[in-house]
Amino acid sequence: MSDASSLEALIQALRRLPGVGVKSAQRMAFHLLQHDRAAAQQLSRALAQACERVQHCQRCYTFTEGAVCGTCLDPERDATRLCVVETPADQSAMERTGAFKGLYFVLMGRLSPLDGVGPRDIGVQKLLERAGDGVVQEVILATSFTAEGEATAHAIAEALKRRGIHVTRLARGVPAGSELEYVDLGTIAHALADRR
């Protein structure tokens, strides 16, 4: 591989990251190679190590280095509440709030029939089994408020309700610190409908 093709391969690899276009990938590649080779080596080692060691938790499907993640093993967590999220990044965001002390189930995606992603692809059957274990009393659906996220939440809620499992959904509303005139109409309508 020539120098130019090695550089191009690096740029193309960086472009695979979400939100990174050609120019951003070039800037990153040039910066790492020209100004911070130590960081480039560190990034390379960390990425190789993560690919080798990180796997999905056998209970909740988040990322972990062990068979079962620390959250699932924590005896202080409330096992009667199960929060369903789309990705490990969503679980991380929920954890950073410090507001939820239950357990999680990570779908690893959301329903998207146009892309050929159905219930089997995101682990809905495994979720139904987990939620029906006799311990879980409430399933909190914390999927995103996109069309696909809403469809996913609706499909899961219907399946859980048929099994007699109590289901709740994250509330939607006006963001704290926002001015009403600048909030989109759909958000205002949902906030009004979901008012307390």
# chains A, B, ... in the order shown; residues from 1 in each chain; ligands from 1
>>> residues_around(residues="Lys161 (chain A)", least_positions_apart="4", cutoff="12 Å", atoms="only C-alpha atoms", output="count of residues only")
15
>>> select_by_dssp(residues="chain A", states="helix (DSSP H, G or I)", output="PyMOL selection string")
chain A and resi 3-15+22-35+37-53+70-73+88-97+113-115+119-122+124-131+147-162+180-182+185-193
>>> closest_residue(among="A:Pro18, A:Ala50, A:Ala171, A:Leu7", to="Phe30 (chain A)", atoms="only C-alpha atoms")
A:Leu7
>>> residues_around(residues="Cys72 (chain A)", least_positions_apart="6", cutoff="9 Å", atoms="only C-alpha atoms", output="list in words")
Cys57, Arg59, Cys60, Ala79, Leu103 and Tyr104 of chain A
>>> write_last_selection(atoms="N, CA and C atoms", output="short mmCIF file (atom, residue, chain, number, x, y, z; two decimals), in the first residue's frame")
data_model
loop_
_atom_site.label_atom_id
_atom_site.label_comp_id
_atom_site.auth_asym_id
_atom_site.auth_seq_id
_atom_site.Cartn_x
_atom_site.Cartn_y
_atom_site.Cartn_z
N CYS A 57 -23.95 -7.47 26.85
CA CYS A 57 -24.38 -8.09 28.10
C CYS A 57 -25.42 -9.17 27.78
N ARG A 59 -27.82 -10.14 29.60
CA ARG A 59 -29.15 -9.83 30.14
C ARG A 59 -29.79 -8.62 29.48
N CYS A 60 -29.03 -7.53 29.32
CA CYS A 60 -29.65 -6.28 28.84
C CYS A 60 -29.15 -5.85 27.46
N ALA A 79 -35.02 -4.02 40.42
CA ALA A 79 -35.28 -5.02 39.38
C ALA A 79 -36.74 -5.05 38.94
N LEU A 103 -33.34 -1.29 36.04
CA LEU A 103 -32.51 -2.01 35.07
C LEU A 103 -32.90 -1.61 33.66
N TYR A 104 -32.12 -2.07 32.70
CA TYR A 104 -32.31 -1.67 31.30
C TYR A 104 -32.46 -2.87 30.38
#
>>> residues_around(residues="Asp121 (chain A)", least_positions_apart="2", cutoff="10 Å", atoms="only C-alpha atoms", output="ChimeraX atom specification")
/A:107-112,116-119,123-125
>>> write_last_selection(atoms="N, CA and C atoms", output="short mmCIF file (atom, residue, chain, number, x, y, z; two decimals), in the first residue's frame")
data_model
loop_
_atom_site.label_atom_id
_atom_site.label_comp_id
_atom_site.auth_asym_id
_atom_site.auth_seq_id
_atom_site.Cartn_x
_atom_site.Cartn_y
_atom_site.Cartn_z
N LEU A 107 -32.32 -2.29 22.95
CA LEU A 107 -32.84 -2.90 21.72
C LEU A 107 -31.81 -3.04 20.61
N MET A 108 -30.80 -2.21 20.62
CA MET A 108 -29.81 -2.17 19.54
C MET A 108 -30.44 -1.73 18.22
N GLY A 109 -31.35 -0.78 18.32
CA GLY A 109 -31.96 -0.22 17.12
C GLY A 109 -33.42 0.09 17.35
N ARG A 110 -34.11 0.34 16.25
CA ARG A 110 -35.55 0.62 16.30
C ARG A 110 -36.17 0.08 15.03
N LEU A 111 -37.46 -0.14 15.08
CA LEU A 111 -38.17 -0.66 13.92
C LEU A 111 -38.06 0.32 12.76
N SER A 112 -37.80 -0.21 11.59
CA SER A 112 -37.73 0.61 10.38
C SER A 112 -38.07 -0.28 9.19
N GLY A 116 -35.99 -2.57 6.25
CA GLY A 116 -36.01 -4.01 6.50
C GLY A 116 -35.69 -4.40 7.93
N VAL A 117 -35.87 -3.48 8.88
CA VAL A 117 -35.59 -3.77 10.29
C VAL A 117 -36.92 -4.06 10.99
N GLY A 118 -37.09 -5.32 11.38
CA GLY A 118 -38.32 -5.73 12.04
C GLY A 118 -38.09 -6.07 13.50
N PRO A 119 -39.14 -6.56 14.18
CA PRO A 119 -39.05 -6.89 15.61
C PRO A 119 -37.93 -7.88 15.95
N GLY A 123 -34.55 -7.46 18.75
CA GLY A 123 -34.64 -8.25 19.98
C GLY A 123 -35.93 -8.12 20.76
N VAL A 124 -37.04 -7.87 20.08
CA VAL A 124 -38.31 -7.69 20.80
C VAL A 124 -38.71 -8.97 21.55
N GLN A 125 -38.49 -10.15 20.97
CA GLN A 125 -38.85 -11.40 21.65
C GLN A 125 -38.07 -11.56 22.95
#
>>> atom_distance(atom1="CA of Arg15 (chain A)", atom2="CA of Arg27 (chain A)")
11.0 Å
>>> atom_distance(atom1="CA of Thr187 (chain A)", atom2="CA of Phe145 (chain A)")
10.1 Å
>>> atom_distance(atom1="CA of Leu141 (chain A)", atom2="CA of Gly177 (chain A)")
25.0 Å
>>> select_by_dssp(residues="region 24-82 of chain A", states="strand (DSSP E)", output="PyMOL selection string")
chain A and resi 55-56+63-64+78-82
>>> write_last_selection(atoms="N, CA and C atoms", output="compact mmCIF listing (two decimals), in the first residue's frame")
# COMPACT_ATOMS: atom_id res chain seq x y z
N GLN A 55 -18.28 -6.64 24.41
CA GLN A 55 -19.34 -7.50 23.88
C GLN A 55 -20.69 -7.03 24.44
N HIS A 56 -21.74 -7.74 24.08
CA HIS A 56 -23.07 -7.40 24.59
C HIS A 56 -23.35 -8.17 25.87
N PHE A 63 -23.19 -2.63 26.15
CA PHE A 63 -21.79 -3.01 25.99
C PHE A 63 -21.16 -3.29 27.35
N THR A 64 -20.34 -4.31 27.39
CA THR A 64 -19.62 -4.68 28.61
C THR A 64 -18.42 -5.52 28.23
N ASP A 78 -33.24 -1.38 41.15
CA ASP A 78 -34.63 -1.80 41.31
C ASP A 78 -35.00 -2.73 40.15
N ALA A 79 -35.02 -4.02 40.42
CA ALA A 79 -35.28 -5.02 39.38
C ALA A 79 -36.74 -5.05 38.94
N THR A 80 -37.62 -4.31 39.61
CA THR A 80 -39.03 -4.30 39.22
C THR A 80 -39.30 -3.32 38.09
N ARG A 81 -38.32 -2.46 37.78
CA ARG A 81 -38.49 -1.47 36.71
C ARG A 81 -37.46 -1.72 35.62
N LEU A 82 -37.94 -1.82 34.39
CA LEU A 82 -37.09 -2.09 33.24
C LEU A 82 -37.26 -0.97 32.22
>>> closest_residue(among="A:Leu47, A:Ala176, A:Ala40, A:Val136", to="Leu160 (chain A)", atoms="only C-alpha atoms")
A:Val136
